[in-house]
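Source file: entry_35.pdb (PDB, C-alpha atoms)
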ATOM      1  CA  MET A  19       2.632   5.716  10.363  1.00  0.00           C
ATOM      2  CA  SER A  20       4.937   7.841   8.286  1.00  0.00           C
ATOM      3  CA  VAL A  21       4.161   8.816   4.696  1.00  0.00           C
ATOM      4  CA  ARG A  22       6.759  10.085   2.230  1.00  0.00           C
ATOM      5  CA  ILE A  23       5.548  11.386  -1.136  1.00  0.00           C
ATOM      6  CA  THR A  24       8.000  11.693  -4.023  1.00  0.00           C
ATOM      7  CA  GLY A  25       7.850  11.937  -7.770  1.00  0.00           C
ATOM      8  CA  ASP A  26       7.541  14.552 -10.451  1.00  0.00           C
ATOM      9  CA  MET A  27       5.431  17.715 -10.411  1.00  0.00           C
ATOM     10  CA  LEU A  28       2.241  15.744  -9.682  1.00  0.00           C
ATOM     11  CA  ALA A  29       3.629  14.937  -6.229  1.00  0.00           C
ATOM     12  CA  LEU A  30       3.454  18.644  -5.390  1.00  0.00           C
ATOM     13  CA  ASP A  31      -0.252  18.953  -6.189  1.00  0.00           C
ATOM     14  CA  ARG A  32      -2.035  19.789  -2.913  1.00  0.00           C
ATOM     15  CA  LYS A  33      -5.199  17.957  -3.871  1.00  0.00           C
ATOM     16  CA  LEU A  34      -3.287  14.732  -4.540  1.00  0.00           C
ATOM     17  CA  VAL A  35      -1.248  15.098  -1.345  1.00  0.00           C
ATOM     18  CA  ARG A  36      -4.447  15.495   0.699  1.00  0.00           C
ATOM     19  CA  ARG A  37      -5.937  12.443  -1.028  1.00  0.00           C
ATOM     20  CA  ILE A  38      -2.828  10.348  -0.291  1.00  0.00           C
ATOM     21  CA  ASN A  39      -2.730  11.443   3.355  1.00  0.00           C
ATOM     22  CA  ARG A  40      -6.456  10.725   3.785  1.00  0.00           C
ATOM     23  CA  LEU A  41      -6.103   7.239   2.279  1.00  0.00           C
ATOM     24  CA  ALA A  42      -3.012   6.588   4.409  1.00  0.00           C
ATOM     25  CA  THR A  43      -4.823   7.510   7.634  1.00  0.00           C
ATOM     26  CA  GLU A  44      -7.759   5.281   6.637  1.00  0.00           C
ATOM     27  CA  LEU A  45      -5.278   2.467   6.017  1.00  0.00           C
ATOM     28  CA  GLY A  46      -3.689   3.086   9.407  1.00  0.00           C
ATOM     29  CA  LYS A  47      -7.099   2.929  11.103  1.00  0.00           C
ATOM     30  CA  ALA A  48      -7.904  -0.324   9.292  1.00  0.00           C
ATOM     31  CA  ALA A  49      -4.694  -1.967  10.537  1.00  0.00           C
ATOM     32  CA  PRO A  50      -3.815  -0.296  13.858  1.00  0.00           C
ATOM     33  CA  ASP A  51      -1.690  -3.248  15.023  1.00  0.00           C
ATOM     34  CA  GLN A  52       0.808  -2.898  12.162  1.00  0.00           C
ATOM     35  CA  GLN A  53       3.450  -0.184  12.021  1.00  0.00           C
ATOM     36  CA  LEU A  54       3.672   1.058   8.427  1.00  0.00           C
ATOM     37  CA  ASP A  55       6.248   3.267   6.770  1.00  0.00           C
ATOM     38  CA  LEU A  56       4.707   4.261   3.465  1.00  0.00           C
ATOM     39  CA  GLN A  57       6.541   5.647   0.439  1.00  0.00           C
ATOM     40  CA  VAL A  58       4.417   6.975  -2.425  1.00  0.00           C
ATOM     41  CA  LYS A  59       5.954   7.753  -5.812  1.00  0.00           C
ATOM     42  CA  ILE A  60       3.910   9.456  -8.508  1.00  0.00           C
ATOM     43  CA  ALA A  61       5.208   9.774 -12.050  1.00  0.00           C
ATOM     44  CA  GLU A  62       3.859  10.502 -15.492  1.00  0.00           C
ATOM     45  CA  GLU A  63       4.816   8.080 -18.224  1.00  0.00           C
ATOM     46  CA  PHE A  64       4.215   7.665 -21.907  1.00  0.00           C
ATOM     47  CA  ASP A  65       3.398   4.298 -23.410  1.00  0.00           C
ATOM     48  CA  GLN A  66       3.307   3.814 -27.186  1.00  0.00           C
ATOM     49  CA  VAL A  67       0.118   1.771 -26.973  1.00  0.00           C
ATOM     50  CA  ARG A  68      -1.793   3.466 -24.160  1.00  0.00           C
ATOM     51  CA  GLY A  69      -0.494   7.041 -24.354  1.00  0.00           C
ATOM     52  CA  HIS A  70       0.078   9.244 -21.323  1.00  0.00           C
ATOM     53  CA  ARG A  71      -0.591   7.631 -17.955  1.00  0.00           C
ATOM     54  CA  VAL A  72       0.082   8.369 -14.311  1.00  0.00           C
ATOM     55  CA  ARG A  73       1.896   5.677 -12.356  1.00  0.00           C
ATOM     56  CA  CYS A  74       1.505   5.391  -8.593  1.00  0.00           C
ATOM     57  CA  GLU A  75       3.921   3.148  -6.729  1.00  0.00           C
ATOM     58  CA  LEU A  76       3.369   2.338  -3.063  1.00  0.00           C
ATOM     59  CA  VAL A  77       6.114   0.777  -0.983  1.00  0.00           C
ATOM     60  CA  ALA A  78       4.988  -0.265   2.494  1.00  0.00           C
ATOM     61  CA  ASN A  79       7.693  -1.278   4.948  1.00  0.00           C
ATOM     62  CA  LEU A  80       6.182  -3.341   7.732  1.00  0.00           C
ATOM     63  CA  SER A  81       7.539  -3.783  11.231  1.00  0.00           C
ATOM     64  CA  ALA A  82       8.267  -7.477  10.676  1.00  0.00           C
ATOM     65  CA  LYS A  83      10.996  -6.668   8.113  1.00  0.00           C
ATOM     66  CA  ARG A  84       8.571  -7.213   5.265  1.00  0.00           C
ATOM     67  CA  GLN A  85       7.925  -5.023   2.297  1.00  0.00           C
ATOM     68  CA  ILE A  86       4.876  -4.784   0.063  1.00  0.00           C
ATOM     69  CA  ILE A  87       5.066  -3.025  -3.303  1.00  0.00           C
ATOM     70  CA  VAL A  88       2.006  -2.058  -5.330  1.00  0.00           C
ATOM     71  CA  ARG A  89       2.174  -0.357  -8.739  1.00  0.00           C
ATOM     72  CA  GLU A  90      -0.789   1.005 -10.674  1.00  0.00           C
ATOM     73  CA  ALA A  91      -1.045   3.144 -13.803  1.00  0.00           C
ATOM     74  CA  HIS A  92      -4.167   4.878 -15.111  1.00  0.00           C
ATOM     75  CA  LYS A  93      -5.087   7.901 -17.204  1.00  0.00           C
ATOM     76  CA  LYS A  94      -6.023   9.980 -14.158  1.00  0.00           C
ATOM     77  CA  ALA A  95      -3.871  10.388 -11.068  1.00  0.00           C
ATOM     78  CA  GLU A  96      -6.814   9.947  -8.701  1.00  0.00           C
ATOM     79  CA  GLU A  97      -7.669   6.563 -10.229  1.00  0.00           C
ATOM     80  CA  SER A  98      -4.123   5.273  -9.957  1.00  0.00           C
ATOM     81  CA  ILE A  99      -3.800   6.425  -6.329  1.00  0.00           C
ATOM     82  CA  ASP A 100      -7.143   4.911  -5.300  1.00  0.00           C
ATOM     83  CA  THR A 101      -6.416   1.627  -7.071  1.00  0.00           C
ATOM     84  CA  ALA A 102      -2.936   1.380  -5.565  1.00  0.00           C
ATOM     85  CA  PHE A 103      -4.255   1.915  -2.023  1.00  0.00           C
ATOM     86  CA  THR A 104      -7.006  -0.643  -2.624  1.00  0.00           C
ATOM     87  CA  GLY A 105      -4.389  -3.157  -3.764  1.00  0.00           C
ATOM     88  CA  LEU A 106      -2.222  -2.413  -0.738  1.00  0.00           C
ATOM     89  CA  ARG A 107      -5.178  -2.855   1.608  1.00  0.00           C
ATOM     90  CA  THR A 108      -5.936  -6.239   0.001  1.00  0.00           C
ATOM     91  CA  LYS A 109      -2.326  -7.400   0.292  1.00  0.00           C
ATOM     92  CA  LEU A 110      -2.146  -6.335   3.944  1.00  0.00           C
ATOM     93  CA  ARG A 111      -5.358  -8.224   4.701  1.00  0.00           C
ATOM     94  CA  ARG A 112      -4.017 -11.367   3.008  1.00  0.00           C
ATOM     95  CA  LEU A 113      -0.740 -11.085   4.905  1.00  0.00           C
ATOM     96  CA  ARG A 114      -2.589 -10.697   8.207  1.00  0.00           C
ATOM     97  CA  ILE A 115      -4.813 -13.714   7.471  1.00  0.00           C
ATOM     98  CA  ARG A 116      -1.769 -15.791   6.509  1.00  0.00           C
ATOM     99  CA  SER A 117       0.099 -14.831   9.678  1.00  0.00           C
ATOM    100  CA  LEU A 118      -2.965 -15.539  11.829  1.00  0.00           C
ATOM    101  CA  GLY A 119      -3.294 -18.935  10.143  1.00  0.00           C
ATOM    102  CA  LYS A 120       0.314 -19.804  10.958  1.00  0.00           C
ATOM    103  CA  ALA A 121      -0.091 -18.656  14.555  1.00  0.00           C
ATOM    104  CA  GLY A 122      -3.300 -20.669  14.904  1.00  0.00           C
ATOM    105  CA  ALA A 123      -1.651 -23.759  13.438  1.00  0.00           C
ATOM    106  CA  ALA A 124       1.258 -23.404  15.860  1.00  0.00           C
ATOM    107  CA  ASP A 125      -1.141 -23.143  18.821  1.00  0.00           C
ATOM    108  CA  ALA A 126      -3.047 -26.202  17.595  1.00  0.00           C
ATOM    109  CA  LEU A 127       0.167 -28.206  17.396  1.00  0.00           C
ATOM    110  CA  ARG A 128       1.122 -27.223  20.928  1.00  0.00           C
ATOM    111  CA  ALA A 129      -2.331 -28.007  22.271  1.00  0.00           C
ATOM    112  CA  THR A 130      -2.366 -31.566  20.911  1.00  0.00           C
ATOM    113  CA  GLY A 131       1.216 -32.514  21.780  1.00  0.00           C
ATOM    114  CA  THR A 132       1.315 -35.931  23.449  1.00  0.00           C
TER     115      THR A 132
END
Can you dump the structure from the file as structure tokens?
Amino acid sequence: MSVRITGDMLALDRKLVRRINRLATELGKAAPDQQLDLQVKIAEEFDQVRGHRVRCELVANLSAKRQIIVREAHKKAEESIDTAFTGLRTKLRRLRIRSLGKAGAADALRATGT
């Protein structure tokens, strides 16, 4: 798994980089069968209604020419990073279940073929 971290000055914060790398290795251990190339973009933004927020955008390129994008924005950078990784983990699990369901359905069709 490769992880690339970009963004504004928050992307250079060592504490946030360690947090991102730790969450990425946990994600890699949770899905060892999938090759992930992860791009993390951290940026501060200002919203008229909500004020200053930190946006975390995760782009996961999978080996099967698929891409998953998760965007989260919260007041604190740690919250947005944690929430984005949780969302990515959920989407990867759903994708794996969907692909296993299709593979199981294909095997069932082959097994019954008369």
- Quick one: which residues end up in the PyMOL selection byres ((chain A and resi 99-116) around 7) for this structure, as a PyMOL selection string? chain A and resi 45+74+76+88-90+95-98+117-120
- Find the residue from A:Ala91, A:Ala61, A:Met19, A:Leu80 that sits nearest to Ala42 in chain A; use only C-alpha atoms when measuring.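 The closest residue to Ala42 in chain A is A:Met19.
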- Query: In terms of the shortest atom-to-atom distance over only C-alpha atoms, which of A:Ser20, A:Phe64, A:Gln57, A:Glu75 is closest to Thr43 in chain A?
  - Reply: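 Of all the options, A:Ser20 lies closest to Thr43 in chain A.
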Listed atoms of range 26-45 of chain A boxed along x, y and z, 3 Å each side, centre and edge lengths in Å, one decimal, as AutoDock Vina command-line options:
--center_x -0.1 --center_y 11.1 --center_z -1.4 --size_x 21.3 --size_y 23.3 --size_z 24.1
- Item | CA of Glu63 in chain A to CA of Arg40 in chain A, straight-line distance in Å |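 CA of Glu63 in chain A lies at a distance of 24.9 Å from CA of Arg40 in chain A.
Our summary of the geometry notes that CA of Arg36 in chain A is positioned 21.2 Å from CA of Ile87 in chain A.
Nearest residue to Val21 in chain A, choosing from A:Asn79, A:Lys47, A:Arg73, A:Arg68 and counting all atoms listed in the file: A:Asn79.
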- Name the closest residue to Lys93 in chain A among the candidates A:Glu44, A:Asp65, A:Asp31, A:Asp26; distances are taken between atoms, counting all atoms listed in the file.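 Smallest separation from Lys93 in chain A among the options: A:Asp65.
Here CA of Val72 in chain A is placed at a distance of 9.0 Å from CA of Leu28 in chain A.
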- Message: Nearest residue to Thr24 in chain A out of A:Val77, A:Val67, A:Leu54, A:Leu41, using only C-alpha atoms?
- Response: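 Nearest candidate to Thr24 in chain A out of A:Val77, A:Val67, A:Leu54, A:Leu41: A:Val77.
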Missing atoms in range 51-77 of chain A: can you complete it with N, CA and C atoms, as a compact mmCIF listing (two decimals), in the frame of the given file?
# COMPACT_ATOMS: atom_id res chain seq x y z
N ASP A 51 -2.71 -2.42 14.38
CA ASP A 51 -1.69 -3.25 15.02
C ASP A 51 -0.39 -3.31 14.24
N GLN A 52 -0.40 -2.84 12.99
CA GLN A 52 0.81 -2.90 12.16
C GLN A 52 1.42 -1.51 12.02
N GLN A 53 2.72 -1.42 12.23
CA GLN A 53 3.45 -0.18 12.02
C GLN A 53 3.86 -0.10 10.55
N LEU A 54 3.39 0.91 9.85
CA LEU A 54 3.67 1.06 8.43
C LEU A 54 4.52 2.29 8.17
N ASP A 55 5.52 2.14 7.33
CA ASP A 55 6.25 3.27 6.77
C ASP A 55 5.94 3.25 5.29
N LEU A 56 5.24 4.26 4.81
CA LEU A 56 4.71 4.26 3.46
C LEU A 56 5.47 5.25 2.60
N GLN A 57 5.90 4.79 1.43
CA GLN A 57 6.54 5.65 0.44
C GLN A 57 5.66 5.64 -0.81
N VAL A 58 5.29 6.84 -1.27
CA VAL A 58 4.42 6.98 -2.42
C VAL A 58 5.20 7.71 -3.50
N LYS A 59 5.26 7.12 -4.69
CA LYS A 59 5.95 7.75 -5.81
C LYS A 59 4.95 7.93 -6.94
N ILE A 60 4.82 9.14 -7.42
CA ILE A 60 3.91 9.46 -8.51
C ILE A 60 4.73 9.95 -9.69
N ALA A 61 4.46 9.38 -10.86
CA ALA A 61 5.21 9.77 -12.05
C ALA A 61 4.32 9.67 -13.28
N GLU A 62 4.54 10.59 -14.21
CA GLU A 62 3.86 10.50 -15.49
C GLU A 62 4.73 9.67 -16.42
N GLU A 63 4.07 8.90 -17.26
CA GLU A 63 4.82 8.08 -18.22
C GLU A 63 4.09 8.10 -19.56
N PHE A 64 4.81 7.75 -20.58
CA PHE A 64 4.22 7.66 -21.91
C PHE A 64 4.44 6.26 -22.44
N ASP A 65 3.36 5.63 -22.83
CA ASP A 65 3.40 4.30 -23.41
C ASP A 65 2.96 4.41 -24.86
N GLN A 66 3.64 3.73 -25.76
CA GLN A 66 3.31 3.81 -27.19
C GLN A 66 1.89 3.34 -27.46
N VAL A 67 1.43 2.34 -26.73
CA VAL A 67 0.12 1.77 -26.97
C VAL A 67 -0.98 2.55 -26.25
N ARG A 68 -0.74 2.87 -24.98
CA ARG A 68 -1.79 3.47 -24.16
C ARG A 68 -1.71 4.98 -24.04
N GLY A 69 -0.64 5.59 -24.45
CA GLY A 69 -0.49 7.04 -24.35
C GLY A 69 0.00 7.47 -22.98
N HIS A 70 -0.36 8.70 -22.61
CA HIS A 70 0.08 9.24 -21.32
C HIS A 70 -0.71 8.61 -20.19
N ARG A 71 0.02 8.24 -19.14
CA ARG A 71 -0.59 7.63 -17.95
C ARG A 71 0.13 8.14 -16.72
N VAL A 72 -0.52 7.99 -15.60
CA VAL A 72 0.08 8.37 -14.31
C VAL A 72 0.30 7.09 -13.53
N ARG A 73 1.55 6.88 -13.11
CA ARG A 73 1.90 5.68 -12.36
C ARG A 73 2.03 6.05 -10.88
N CYS A 74 1.40 5.24 -10.04
CA CYS A 74 1.50 5.39 -8.59
C CYS A 74 2.14 4.12 -8.04
N GLU A 75 3.22 4.28 -7.33
CA GLU A 75 3.92 3.15 -6.73
C GLU A 75 3.92 3.32 -5.22
N LEU A 76 3.39 2.33 -4.52
CA LEU A 76 3.37 2.34 -3.06
C LEU A 76 4.34 1.29 -2.55
N VAL A 77 5.20 1.70 -1.64
CA VAL A 77 6.11 0.78 -0.98
C VAL A 77 5.82 0.87 0.51
